[in-house]
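Chemist: One structure, as structure tokens, below. Some questions next.
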Amino acid sequence: MPDRPLRCFVALEPDESARAAIVAEVLSRLPATRAVRWCDAHQLHVTLKFIAALDPLRLDDVRAAMAAATAAIAPFEVELSSVGAFPDSRRPRVLWIGVHDPAGGCAAWLSAADSLLRPYGVEPEERPVRPHITLGRSKGPEGGGILCGLLRTLQVPRRSWRVERLTFFESRLGPIGSEYRVIDRF
């Protein structure tokens, strides 16, 4: 067991059809540039809960709480929607594909998880749930200009999928971006 705090998150992953559509119709159209750090196909996911510094001694407790939260909600459908940016479209630093969740499954999972995780020192999420798949992060003003252009032109494929399980990842920061390791699936 590592002796350093773990950066980790729970996410839903696109099914193979949605992932293939994103790769073929979106990632393949992104410009090659050093001004934006693009996500690779294997990194595509919708983060539901991020934990910046998890005590490794709490890992089993947190894993059990997340599994219980997942068992408490029914499978649900989500759909790729539109392109967006954080913090906003005028000053984009992160480009993403929105994920429409008409049944509210993401918010239901987060609500269940927040109450189950609190005893282990994991604070509830304060921001509203905005399900999305990150495509890339700008490294500065040049990258922001590229993202502005993509916000106007990039088309999102219409794909939906049924969410039947979630993935618990560890995220390790490296010189070329984050690397993800699956801890568990529930």
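Numbering starts fresh at 1 for the residues of each chain in the structure tokens, the chains themselves are lettered A, B, ... in the order given, and ligands are numbered from 1 as they appear.
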Where does segment 44-99 of chain A meet segment 141-157 of chain A within 10 Å, residue by residue, with the nearest atom pair and distance in Å to one decimal for each, counting only C-alpha atoms, listed by chain and rising number, as a tab-separated table?

Modeler:
```
residue	atom	partner	partner_atom	distance
A:Glu79	CA	A:Pro157	CA	9.6
A:Leu80	CA	A:Pro157	CA	7.0
A:Ser81	CA	A:Val156	CA	6.7
A:Ser82	CA	A:Val156	CA	5.9
A:Val83	CA	A:Leu151	CA	6.3
A:Gly84	CA	A:Leu151	CA	6.6
A:Ala85	CA	A:Leu151	CA	7.7
A:Asp88	CA	A:Cys148	CA	9.9
A:Ser89	CA	A:Cys148	CA	6.7
A:Arg90	CA	A:Cys148	CA	7.2
A:Arg91	CA	A:Gly144	CA	6.6
A:Pro92	CA	A:Gly144	CA	5.5
A:Arg93	CA	A:Gly144	CA	5.9
A:Val94	CA	A:Leu147	CA	7.9
A:Leu95	CA	A:Leu147	CA	6.5
A:Trp96	CA	A:Leu151	CA	9.3
A:Ile97	CA	A:Val156	CA	7.3
A:Gly98	CA	A:Val156	CA	9.2
```

Chemist: DSSP on the backbone: which residues in segment 91-141 of chain A end up as helix (DSSP H, G or I)? Give the answer as a PyMOL selection string.

Modeler: chain A and resi 105-120+141

Chemist: Write down as a ChimeraX atom specification the residues belonging to segment 46-148 of chain A that are assigned strand (DSSP E) by DSSP computed on the backbone.

Modeler: /A:46-54,76-86,94-100,132-138

Chemist: Please build the interface table for segment 49-134 of chain A against segment 3-10 of chain A with a cut-off of 9 Å, listing for each qualifying residue the nearest atom pair and the distance in Å to one decimal; count only C-alpha atoms, order rows by chain and increasing number, and write it as CSV.

Modeler:
```
residue,atom,partner,partner_atom,distance
A:Lys49,CA,A:Val10,CA,5.3
A:Phe50,CA,A:Phe9,CA,4.3
A:Ile51,CA,A:Cys8,CA,5.3
A:Ala52,CA,A:Arg7,CA,4.7
A:Ala53,CA,A:Pro5,CA,4.9
A:Leu54,CA,A:Leu6,CA,4.8
A:Asp55,CA,A:Pro5,CA,5.0
A:Pro56,CA,A:Pro5,CA,6.1
A:Leu57,CA,A:Asp3,CA,8.7
A:Leu59,CA,A:Leu6,CA,8.8
A:Met66,CA,A:Val10,CA,8.2
```

Chemist: Got a sec: who's within 12 Å of Arg165 of chain A, counting only C-alpha atoms, leaving out chain neighbours fewer than 4 positions off, as a PyMOL selection string?

Modeler: chain A and resi 10-15+66-77+105-106+109+161+184-186

Chemist: Find, counting only C-alpha atoms, the residue in A:Val62, A:Lys139, A:Ser111, A:His100 that gets nearest to Glu126 of chain A.

Modeler: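 Going through A:Val62, A:Lys139, A:Ser111, A:His100 one by one, the smallest distance to Glu126 of chain A is for A:Ser111.
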
Chemist: Using atom CA of Leu27 of chain A and atom CA of Leu44 of chain A as the two end points, give the distance in Å to one decimal.

Modeler: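 Those two atoms sit 10.4 Å apart.
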
Chemist: Residues within 12 Å of Gly177 of chain A, please, as a ChimeraX atom specification. Count only C-alpha atoms; anything in the same chain fewer than 2 positions from it doesn't count.

Modeler: /A:36-40,43,136-137,139,171-175,179-180

Chemist: Pull C-alpha atoms from the residues just selected and write them as a PDB file, in the first residue's frame.

Modeler:
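Saved result, again_24.pdb, follows:
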```pdb
ATOM      1  CA  VAL A  36      -3.476  22.290 -25.761  1.00  0.00           C
ATOM      2  CA  ARG A  37      -3.024  19.011 -23.912  1.00  0.00           C
ATOM      3  CA  TRP A  38      -5.545  16.665 -25.556  1.00  0.00           C
ATOM      4  CA  CYS A  39      -6.940  13.603 -23.811  1.00  0.00           C
ATOM      5  CA  ASP A  40      -6.262  10.195 -25.299  1.00  0.00           C
ATOM      6  CA  GLN A  43      -8.741   8.695 -20.805  1.00  0.00           C
ATOM      7  CA  GLY A 136      -8.367  18.950 -23.648  1.00  0.00           C
ATOM      8  CA  ARG A 137      -6.816  21.633 -21.491  1.00  0.00           C
ATOM      9  CA  LYS A 139      -1.738  25.648 -21.732  1.00  0.00           C
ATOM     10  CA  SER A 171      -4.814   9.444 -11.064  1.00  0.00           C
ATOM     11  CA  ARG A 172      -1.049   9.889 -11.141  1.00  0.00           C
ATOM     12  CA  LEU A 173       0.292  13.185 -12.431  1.00  0.00           C
ATOM     13  CA  GLY A 174       3.185  12.817 -14.846  1.00  0.00           C
ATOM     14  CA  PRO A 175       5.255  15.050 -17.101  1.00  0.00           C
ATOM     15  CA  GLU A 179      -2.129   8.451 -15.982  1.00  0.00           C
ATOM     16  CA  TYR A 180      -5.109   6.467 -14.708  1.00  0.00           C
TER      17      TYR A 180
END
```

Chemist: Out of A:Val78, A:Thr134, A:Arg19, A:Ser115, which residue has the shortest atom-to-atom distance to Glu164 of chain A when counting only C-alpha atoms?

Modeler: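 Among A:Val78, A:Thr134, A:Arg19, A:Ser115, it is A:Val78 that comes nearest to Glu164 of chain A.
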
Chemist: Could you tell me how far atom CA of Ala64 of chain A sits from atom CA of Val163 of chain A, in Å to one decimal place?

Modeler: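 Interatomic distance, atom CA of Val163 of chain A to atom CA of Ala64 of chain A: 19.3 Å.
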
Chemist: From the set A:Val182, A:Ala41, A:Leu110, A:Ala65, which residue has the shortest atom-to-atom contact distance to Ala20 of chain A, counting only C-alpha atoms?

Modeler: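 With only C-alpha atoms as the atom set, the closest residue is A:Ala41.
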